[in-house]
>>> print(open('work.txt').read())   # compact mmCIF, N, CA and C atoms
# COMPACT_ATOMS: atom_id res chain seq x y z
N ASP A 80 87.95 31.25 -32.23
CA ASP A 80 86.64 30.68 -32.08
C ASP A 80 86.68 29.20 -32.46
N PHE A 81 85.57 28.54 -32.27
CA PHE A 81 85.49 27.08 -32.46
C PHE A 81 85.90 26.65 -33.87
N LEU A 82 85.32 27.29 -34.89
CA LEU A 82 85.60 26.89 -36.27
C LEU A 82 87.06 27.10 -36.63
N SER A 83 87.62 28.19 -36.19
CA SER A 83 89.02 28.49 -36.48
C SER A 83 89.94 27.45 -35.84
N ARG A 84 89.66 27.09 -34.60
CA ARG A 84 90.47 26.07 -33.91
C ARG A 84 90.32 24.72 -34.60
N ARG A 85 89.12 24.39 -35.00
CA ARG A 85 88.88 23.12 -35.70
C ARG A 85 89.63 23.10 -37.04
N ASP A 86 89.59 24.21 -37.76
CA ASP A 86 90.29 24.32 -39.04
C ASP A 86 91.80 24.14 -38.83
N GLU A 87 92.32 24.78 -37.81
CA GLU A 87 93.75 24.67 -37.52
C GLU A 87 94.12 23.22 -37.18
N LYS A 88 93.29 22.59 -36.38
CA LYS A 88 93.54 21.19 -35.99
C LYS A 88 93.54 20.28 -37.22
N LEU A 89 92.56 20.46 -38.10
CA LEU A 89 92.47 19.61 -39.29
C LEU A 89 93.64 19.83 -40.25
N SER A 90 94.15 21.05 -40.28
CA SER A 90 95.25 21.34 -41.20
C SER A 90 96.60 21.00 -40.56
N SER A 91 96.57 20.50 -39.35
CA SER A 91 97.80 20.13 -38.61
C SER A 91 98.80 21.27 -38.55
N GLY A 92 98.29 22.49 -38.43
CA GLY A 92 99.17 23.65 -38.30
C GLY A 92 99.80 24.10 -39.61
N SER A 93 99.50 23.42 -40.73
CA SER A 93 100.07 23.82 -42.02
C SER A 93 99.31 25.03 -42.58
N ASN A 94 99.71 25.47 -43.73
CA ASN A 94 99.03 26.59 -44.38
C ASN A 94 97.85 26.12 -45.23
N ASN A 95 97.36 24.92 -45.01
CA ASN A 95 96.25 24.38 -45.79
C ASN A 95 94.91 24.62 -45.13
N ARG A 96 94.79 25.69 -44.40
CA ARG A 96 93.53 25.98 -43.72
C ARG A 96 92.45 26.30 -44.74
N LYS A 97 91.23 25.95 -44.40
CA LYS A 97 90.09 26.13 -45.30
C LYS A 97 89.34 27.44 -45.06
N LEU A 98 89.43 27.97 -43.84
CA LEU A 98 88.67 29.17 -43.48
C LEU A 98 89.61 30.36 -43.28
N ARG A 99 89.12 31.52 -43.66
CA ARG A 99 89.82 32.77 -43.35
C ARG A 99 88.76 33.71 -42.80
N LEU A 100 88.86 33.99 -41.52
CA LEU A 100 87.91 34.89 -40.88
C LEU A 100 88.43 36.31 -41.01
N THR A 101 87.54 37.23 -41.31
CA THR A 101 87.92 38.62 -41.55
C THR A 101 87.19 39.53 -40.58
N ASP A 102 87.92 40.45 -39.99
CA ASP A 102 87.34 41.43 -39.07
C ASP A 102 86.96 42.67 -39.88
N ILE A 103 85.67 42.83 -40.16
CA ILE A 103 85.25 43.98 -40.96
C ILE A 103 85.37 45.30 -40.20
N GLU A 104 85.63 45.20 -38.90
CA GLU A 104 85.83 46.43 -38.13
C GLU A 104 87.30 46.76 -37.97
N GLY A 105 88.16 45.93 -38.53
CA GLY A 105 89.59 46.18 -38.46
C GLY A 105 89.98 47.40 -39.29
N GLU A 106 91.00 48.11 -38.85
CA GLU A 106 91.44 49.31 -39.57
C GLU A 106 91.90 49.01 -40.99
N ASN A 107 92.41 47.82 -41.21
CA ASN A 107 92.94 47.48 -42.53
C ASN A 107 91.92 46.79 -43.44
N TYR A 108 90.68 46.66 -42.99
CA TYR A 108 89.67 46.01 -43.83
C TYR A 108 89.39 46.87 -45.05
N GLU A 109 89.48 46.25 -46.20
CA GLU A 109 89.23 46.94 -47.47
C GLU A 109 88.17 46.17 -48.25
N PRO A 110 86.94 46.70 -48.32
CA PRO A 110 85.87 45.99 -49.01
C PRO A 110 86.20 45.66 -50.46
N ASN A 111 86.98 46.51 -51.12
CA ASN A 111 87.27 46.30 -52.54
C ASN A 111 88.35 45.26 -52.80
N ASP A 112 88.98 44.76 -51.75
CA ASP A 112 89.93 43.66 -51.91
C ASP A 112 89.12 42.46 -52.40
N PRO A 113 89.53 41.84 -53.51
CA PRO A 113 88.75 40.70 -54.05
C PRO A 113 88.49 39.59 -53.02
N SER A 114 89.41 39.41 -52.09
CA SER A 114 89.19 38.36 -51.08
C SER A 114 88.08 38.73 -50.11
N ASN A 115 87.66 39.99 -50.12
CA ASN A 115 86.55 40.44 -49.27
C ASN A 115 85.25 40.57 -50.05
N GLY A 116 85.29 40.30 -51.33
CA GLY A 116 84.09 40.22 -52.16
C GLY A 116 83.26 41.48 -52.28
N GLY A 117 83.84 42.64 -51.98
CA GLY A 117 83.07 43.87 -52.08
C GLY A 117 82.05 44.04 -50.97
N VAL A 118 82.21 43.29 -49.89
CA VAL A 118 81.25 43.37 -48.78
C VAL A 118 81.59 44.60 -47.93
N SER A 119 80.68 45.56 -47.94
CA SER A 119 80.88 46.79 -47.17
C SER A 119 80.67 46.53 -45.69
N TYR A 120 81.06 47.49 -44.89
CA TYR A 120 80.84 47.39 -43.44
C TYR A 120 79.36 47.20 -43.16
N GLU A 121 78.53 48.01 -43.80
CA GLU A 121 77.08 47.93 -43.55
C GLU A 121 76.52 46.56 -43.93
N LYS A 122 76.87 46.06 -45.11
CA LYS A 122 76.39 44.74 -45.54
C LYS A 122 76.90 43.65 -44.61
N GLY A 123 78.17 43.75 -44.23
CA GLY A 123 78.77 42.73 -43.37
C GLY A 123 78.18 42.72 -41.97
N MET A 124 77.79 43.87 -41.49
CA MET A 124 77.18 43.95 -40.16
C MET A 124 75.70 43.55 -40.20
N ALA A 125 75.06 43.70 -41.35
CA ALA A 125 73.64 43.36 -41.47
C ALA A 125 73.42 41.85 -41.55
N ALA A 126 74.38 41.13 -42.11
CA ALA A 126 74.25 39.67 -42.25
C ALA A 126 75.64 39.08 -42.47
N ILE A 127 75.81 37.84 -42.05
CA ILE A 127 77.08 37.16 -42.25
C ILE A 127 77.27 36.87 -43.74
N HIS A 128 78.50 37.06 -44.20
CA HIS A 128 78.85 36.81 -45.60
C HIS A 128 80.07 35.92 -45.65
N ALA A 129 80.22 35.25 -46.78
CA ALA A 129 81.44 34.47 -47.04
C ALA A 129 81.80 34.63 -48.50
N VAL A 130 83.09 34.61 -48.75
CA VAL A 130 83.59 34.63 -50.11
C VAL A 130 84.23 33.26 -50.32
N THR A 131 83.73 32.52 -51.29
CA THR A 131 84.25 31.17 -51.54
C THR A 131 85.59 31.26 -52.26
N SER A 132 86.28 30.14 -52.33
CA SER A 132 87.60 30.12 -52.97
C SER A 132 87.52 30.52 -54.45
N ASP A 133 86.35 30.35 -55.07
CA ASP A 133 86.21 30.75 -56.47
C ASP A 133 85.60 32.16 -56.61
N GLY A 134 85.50 32.90 -55.50
CA GLY A 134 85.07 34.28 -55.53
C GLY A 134 83.58 34.53 -55.41
N ARG A 135 82.78 33.46 -55.31
CA ARG A 135 81.34 33.65 -55.13
C ARG A 135 81.06 34.17 -53.72
N ILE A 136 80.01 34.97 -53.59
CA ILE A 136 79.63 35.51 -52.29
C ILE A 136 78.35 34.80 -51.85
N ILE A 137 78.39 34.27 -50.63
CA ILE A 137 77.18 33.69 -50.05
C ILE A 137 76.85 34.47 -48.80
N GLU A 138 75.58 34.47 -48.45
CA GLU A 138 75.10 35.33 -47.36
C GLU A 138 74.07 34.59 -46.52
N GLY A 139 74.06 34.90 -45.23
CA GLY A 139 73.05 34.36 -44.34
C GLY A 139 73.30 32.92 -43.93
N VAL A 140 72.23 32.19 -43.72
CA VAL A 140 72.29 30.82 -43.20
C VAL A 140 73.23 29.91 -43.98
N PRO A 141 73.26 29.96 -45.32
CA PRO A 141 74.17 29.06 -46.05
C PRO A 141 75.65 29.22 -45.66
N VAL A 142 76.03 30.38 -45.15
CA VAL A 142 77.42 30.59 -44.73
C VAL A 142 77.78 29.60 -43.61
N PHE A 143 76.88 29.41 -42.68
CA PHE A 143 77.16 28.51 -41.56
C PHE A 143 77.34 27.08 -42.05
N GLY A 144 76.44 26.65 -42.94
CA GLY A 144 76.55 25.30 -43.48
C GLY A 144 77.86 25.09 -44.21
N LYS A 145 78.26 26.07 -45.03
CA LYS A 145 79.51 25.98 -45.80
C LYS A 145 80.72 25.96 -44.86
N ALA A 146 80.72 26.82 -43.88
CA ALA A 146 81.86 26.88 -42.94
C ALA A 146 82.00 25.57 -42.17
N TYR A 147 80.89 25.05 -41.69
CA TYR A 147 80.95 23.79 -40.95
C TYR A 147 81.32 22.63 -41.87
N GLU A 148 80.86 22.68 -43.11
CA GLU A 148 81.23 21.64 -44.09
C GLU A 148 82.74 21.64 -44.31
N LEU A 149 83.34 22.81 -44.40
CA LEU A 149 84.78 22.91 -44.66
C LEU A 149 85.63 22.35 -43.52
N VAL A 150 85.06 22.31 -42.32
CA VAL A 150 85.80 21.74 -41.18
C VAL A 150 85.22 20.38 -40.79
N GLU A 151 84.61 19.73 -41.77
CA GLU A 151 84.11 18.37 -41.65
C GLU A 151 83.02 18.19 -40.59
N LEU A 152 82.21 19.23 -40.41
CA LEU A 152 81.08 19.16 -39.48
C LEU A 152 79.78 19.61 -40.17
N GLY A 153 79.74 19.48 -41.48
CA GLY A 153 78.58 19.93 -42.24
C GLY A 153 77.29 19.29 -41.82
N TRP A 154 77.37 18.08 -41.31
CA TRP A 154 76.16 17.38 -40.87
C TRP A 154 75.39 18.15 -39.80
N LEU A 155 76.09 19.01 -39.04
CA LEU A 155 75.43 19.78 -37.99
C LEU A 155 74.41 20.79 -38.55
N PHE A 156 74.66 21.25 -39.76
CA PHE A 156 73.77 22.27 -40.35
C PHE A 156 72.95 21.74 -41.51
N ARG A 157 73.03 20.47 -41.80
CA ARG A 157 72.29 19.92 -42.93
C ARG A 157 70.78 20.12 -42.77
N PHE A 158 70.29 20.11 -41.54
CA PHE A 158 68.84 20.29 -41.33
C PHE A 158 68.35 21.63 -41.85
N THR A 159 69.25 22.62 -41.98
CA THR A 159 68.83 23.94 -42.46
C THR A 159 68.45 23.92 -43.93
N GLU A 160 68.78 22.83 -44.62
CA GLU A 160 68.43 22.68 -46.03
C GLU A 160 67.17 21.85 -46.25
N TRP A 161 66.68 21.23 -45.20
CA TRP A 161 65.45 20.43 -45.34
C TRP A 161 64.31 21.36 -45.75
N ARG A 162 63.51 20.90 -46.67
CA ARG A 162 62.43 21.72 -47.22
C ARG A 162 61.52 22.29 -46.12
N ILE A 163 61.22 21.52 -45.12
CA ILE A 163 60.32 21.97 -44.06
C ILE A 163 61.01 22.95 -43.11
N MET A 164 62.33 22.80 -42.94
CA MET A 164 63.06 23.63 -41.98
C MET A 164 63.63 24.91 -42.58
N LYS A 165 63.95 24.87 -43.86
CA LYS A 165 64.64 26.01 -44.50
C LYS A 165 63.93 27.34 -44.28
N PRO A 166 62.61 27.46 -44.52
CA PRO A 166 61.97 28.76 -44.30
C PRO A 166 61.95 29.18 -42.83
N VAL A 167 61.84 28.22 -41.94
CA VAL A 167 61.82 28.53 -40.51
C VAL A 167 63.20 29.05 -40.07
N VAL A 168 64.23 28.35 -40.49
CA VAL A 168 65.60 28.76 -40.15
C VAL A 168 65.90 30.12 -40.77
N GLN A 169 65.51 30.32 -42.02
CA GLN A 169 65.75 31.60 -42.70
C GLN A 169 65.04 32.73 -41.95
N TRP A 170 63.78 32.52 -41.58
CA TRP A 170 63.03 33.54 -40.83
C TRP A 170 63.73 33.83 -39.49
N GLY A 171 64.14 32.78 -38.79
CA GLY A 171 64.82 32.96 -37.51
C GLY A 171 66.11 33.74 -37.65
N TYR A 172 66.87 33.45 -38.71
CA TYR A 172 68.12 34.18 -38.93
C TYR A 172 67.83 35.64 -39.25
N GLU A 173 66.83 35.89 -40.07
CA GLU A 173 66.49 37.27 -40.43
C GLU A 173 66.10 38.09 -39.20
N VAL A 174 65.32 37.50 -38.31
CA VAL A 174 64.94 38.18 -37.07
C VAL A 174 66.19 38.44 -36.22
N PHE A 175 67.02 37.40 -36.06
CA PHE A 175 68.26 37.55 -35.30
C PHE A 175 69.13 38.65 -35.90
N ALA A 176 69.34 38.62 -37.21
CA ALA A 176 70.22 39.59 -37.86
C ALA A 176 69.68 41.01 -37.71
N LYS A 177 68.37 41.15 -37.76
CA LYS A 177 67.75 42.47 -37.65
C LYS A 177 68.03 43.12 -36.29
N TYR A 178 68.01 42.31 -35.23
CA TYR A 178 68.15 42.86 -33.87
C TYR A 178 69.51 42.57 -33.22
N ARG A 179 70.39 41.87 -33.93
CA ARG A 179 71.66 41.43 -33.36
C ARG A 179 72.48 42.58 -32.77
N THR A 180 72.65 43.65 -33.50
CA THR A 180 73.51 44.72 -33.00
C THR A 180 72.88 45.43 -31.80
N ASN A 181 71.55 45.52 -31.79
CA ASN A 181 70.90 46.13 -30.63
C ASN A 181 71.15 45.30 -29.37
N ILE A 182 71.13 43.98 -29.53
CA ILE A 182 71.31 43.08 -28.39
C ILE A 182 72.78 42.97 -27.99
N THR A 183 73.66 42.76 -28.97
CA THR A 183 75.07 42.51 -28.65
C THR A 183 75.89 43.78 -28.48
N ARG A 184 75.46 44.88 -29.08
CA ARG A 184 76.24 46.12 -29.03
C ARG A 184 75.51 47.26 -28.35
N GLY A 185 74.21 47.11 -28.16
CA GLY A 185 73.43 48.18 -27.56
C GLY A 185 73.21 49.35 -28.50
N SER A 186 73.41 49.12 -29.79
CA SER A 186 73.22 50.17 -30.80
C SER A 186 72.58 49.57 -32.04
N SER A 187 71.83 50.39 -32.74
CA SER A 187 71.24 49.94 -33.99
C SER A 187 72.31 49.83 -35.06
N LEU A 188 72.00 49.10 -36.10
CA LEU A 188 72.93 48.98 -37.23
C LEU A 188 73.21 50.36 -37.81
N ASP A 189 72.18 51.17 -37.97
CA ASP A 189 72.36 52.51 -38.52
C ASP A 189 73.34 53.34 -37.68
N ASP A 190 73.21 53.28 -36.36
CA ASP A 190 74.12 54.02 -35.48
C ASP A 190 75.55 53.51 -35.60
N LEU A 191 75.71 52.19 -35.70
CA LEU A 191 77.06 51.62 -35.85
C LEU A 191 77.68 52.02 -37.18
N VAL A 192 76.88 52.03 -38.23
CA VAL A 192 77.38 52.43 -39.56
C VAL A 192 77.79 53.90 -39.52
N ASP A 193 76.97 54.75 -38.92
CA ASP A 193 77.32 56.17 -38.81
C ASP A 193 78.62 56.36 -38.04
N ALA A 194 78.77 55.66 -36.93
CA ALA A 194 79.99 55.77 -36.12
C ALA A 194 81.20 55.25 -36.91
N HIS A 195 81.03 54.15 -37.61
CA HIS A 195 82.12 53.59 -38.42
C HIS A 195 82.54 54.57 -39.51
N ASN A 196 81.56 55.15 -40.20
CA ASN A 196 81.87 56.10 -41.26
C ASN A 196 82.56 57.35 -40.73
N ALA A 197 82.13 57.82 -39.56
CA ALA A 197 82.77 58.99 -38.95
C ALA A 197 84.21 58.68 -38.57
N LYS A 198 84.43 57.51 -38.01
CA LYS A 198 85.78 57.09 -37.63
C LYS A 198 86.68 56.96 -38.87
N LYS A 199 86.12 56.40 -39.92
CA LYS A 199 86.87 56.22 -41.17
C LYS A 199 87.24 57.59 -41.77
N ALA A 200 86.29 58.52 -41.77
CA ALA A 200 86.53 59.86 -42.30
C ALA A 200 87.62 60.57 -41.50
N LEU A 201 87.57 60.42 -40.18
CA LEU A 201 88.59 61.04 -39.32
C LEU A 201 89.96 60.44 -39.61
N ARG A 202 90.01 59.12 -39.77
CA ARG A 202 91.28 58.44 -40.06
C ARG A 202 91.85 58.92 -41.40
N GLU A 203 90.98 59.07 -42.41
CA GLU A 203 91.43 59.55 -43.72
C GLU A 203 91.92 60.99 -43.64
N GLU A 204 91.24 61.79 -42.83
CA GLU A 204 91.65 63.18 -42.65
C GLU A 204 93.01 63.25 -41.97
N GLU A 205 93.22 62.41 -40.97
CA GLU A 205 94.50 62.38 -40.27
C GLU A 205 95.62 61.92 -41.21
N GLU A 206 95.34 60.96 -42.07
CA GLU A 206 96.33 60.50 -43.05
C GLU A 206 96.70 61.61 -44.02
N GLU A 207 95.69 62.37 -44.46
CA GLU A 207 95.94 63.47 -45.38
C GLU A 207 96.78 64.55 -44.70
N CYS A 208 96.47 64.88 -43.45
CA CYS A 208 97.26 65.87 -42.71
C CYS A 208 98.70 65.40 -42.56
N SER A 209 98.86 64.11 -42.32
CA SER A 209 100.18 63.53 -42.17
C SER A 209 100.97 63.67 -43.47
N ARG A 210 100.32 63.41 -44.61
CA ARG A 210 100.99 63.56 -45.91
C ARG A 210 101.37 65.01 -46.14
N CYS A 211 100.47 65.94 -45.79
CA CYS A 211 100.77 67.36 -45.95
C CYS A 211 101.96 67.76 -45.10
N ASP A 212 102.00 67.28 -43.86
CA ASP A 212 103.12 67.58 -42.98
C ASP A 212 104.42 67.06 -43.55
N ASN A 213 104.40 65.90 -44.16
CA ASN A 213 105.60 65.31 -44.74
C ASN A 213 106.07 66.12 -45.97
N LEU A 214 105.15 66.68 -46.73
CA LEU A 214 105.50 67.49 -47.89
C LEU A 214 106.15 68.80 -47.47
N LYS A 215 105.75 69.35 -46.34
CA LYS A 215 106.28 70.62 -45.84
C LYS A 215 107.72 70.49 -45.38
N ARG A 216 108.12 69.30 -45.03
CA ARG A 216 109.48 69.09 -44.49
C ARG A 216 110.51 69.07 -45.56
>>> encode(input="work.txt", output="structure tokens")
Amino acid sequence: DFLSRRDEKLSSGSNNRKLRLTDIEGENYEPNDPSNGGVSYEKGMAAIHAVTSDGRIIEGVPVFGKAYELVELGWLFRFTEWRIMKPVVQWGYEVFAKYRTNITRGSSLDDLVDAHNAKKALREEEEECSRCDNLKR
């Protein structure tokens, strides 16, 4: 995505990148990993979250400002902090976040969480069966 490419460009391909994007739907996503800040699938799907380098968790509109700031484009989101704009932007984001999955996925957040939990339970069950099979050998 745009921010990731910008981050890579600014770091000149070195390991000094400022952003780490995480796929909360990835099989290896572990909410309890400190780098993921304890953000569950449900919380992560309900609103955008970020874990700062010092471990603080930020959520919602401020995440965009921080991410753009880290790739030297913070000025693009500075208006979201203006006293007159902040409540309007916050309200707009809350409306967007509430209906985002219905629009982009065709499913409610609750349905996605249920499907995710069912998939996770099945994966855990398969892992347990695999361990049992290995013990029998």
>>> select_by_dssp(input="work.txt", residues="chain A", states="alpha helix (DSSP H)", output="number ranges by chain")
A: 81-89, 120-125, 140-149, 165-183, 188-215
>>> atom_distance(input="work.txt", atom1="atom N of Asn95 (chain A)", atom2="CA of Gly116 (chain A)")
21.5 Å
>>> residues_around(input="work.txt", residues="region 128-145 of chain A", least_positions_apart="6", cutoff="6.5 Å", atoms="only N, CA and C atoms", output="MDAnalysis selection string")
chainID A and resid 114:116 153 156:157
>>> atom_distance(input="work.txt", atom1="atom N of Lys97 (chain A)", atom2="atom N of Val150 (chain A)")
7.5 Å
>>> select_by_dssp(input="work.txt", residues="region 95-201 of chain A", states="strand (DSSP E)", output="MDAnalysis selection string")
chainID A and resid 128:130 136:138
>>> atom_distance(input="work.txt", atom1="atom C of Ser119 (chain A)", atom2="atom C of Leu188 (chain A)")
11.5 Å
>>> residues_near_point(input="work.txt", point="(88.3, 29.6, -44.3)", cutoff="8 Å", atoms="all atoms listed in the file", output="JSON list (two decimals) with N, CA and C atoms, in the frame of the given file")
[["chain", "number", "residue", "atom", "x", "y", "z"],
["A", 83, "SER", "N", 87.62, 28.19, -36.19],
["A", 83, "SER", "CA", 89.02, 28.49, -36.48],
["A", 83, "SER", "C", 89.94, 27.45, -35.84],
["A", 86, "ASP", "N", 89.59, 24.21, -37.76],
["A", 86, "ASP", "CA", 90.29, 24.32, -39.04],
["A", 86, "ASP", "C", 91.80, 24.14, -38.83],
["A", 96, "ARG", "N", 94.79, 25.69, -44.40],
["A", 96, "ARG", "CA", 93.53, 25.98, -43.72],
["A", 96, "ARG", "C", 92.45, 26.30, -44.74],
["A", 97, "LYS", "N", 91.23, 25.95, -44.40],
["A", 97, "LYS", "CA", 90.09, 26.13, -45.30],
["A", 97, "LYS", "C", 89.34, 27.44, -45.06],
["A", 98, "LEU", "N", 89.43, 27.97, -43.84],
["A", 98, "LEU", "CA", 88.67, 29.17, -43.48],
["A", 98, "LEU", "C", 89.61, 30.36, -43.28],
["A", 99, "ARG", "N", 89.12, 31.52, -43.66],
["A", 99, "ARG", "CA", 89.82, 32.77, -43.35],
["A", 99, "ARG", "C", 88.76, 33.71, -42.80],
["A", 100, "LEU", "N", 88.86, 33.99, -41.52],
["A", 100, "LEU", "CA", 87.91, 34.89, -40.88],
["A", 100, "LEU", "C", 88.43, 36.31, -41.01],
["A", 146, "ALA", "N", 80.72, 26.82, -43.88],
["A", 146, "ALA", "CA", 81.86, 26.88, -42.94],
["A", 146, "ALA", "C", 82.00, 25.57, -42.17],
["A", 149, "LEU", "N", 83.34, 22.81, -44.40],
["A", 149, "LEU", "CA", 84.78, 22.91, -44.66],
["A", 149, "LEU", "C", 85.63, 22.35, -43.52]]
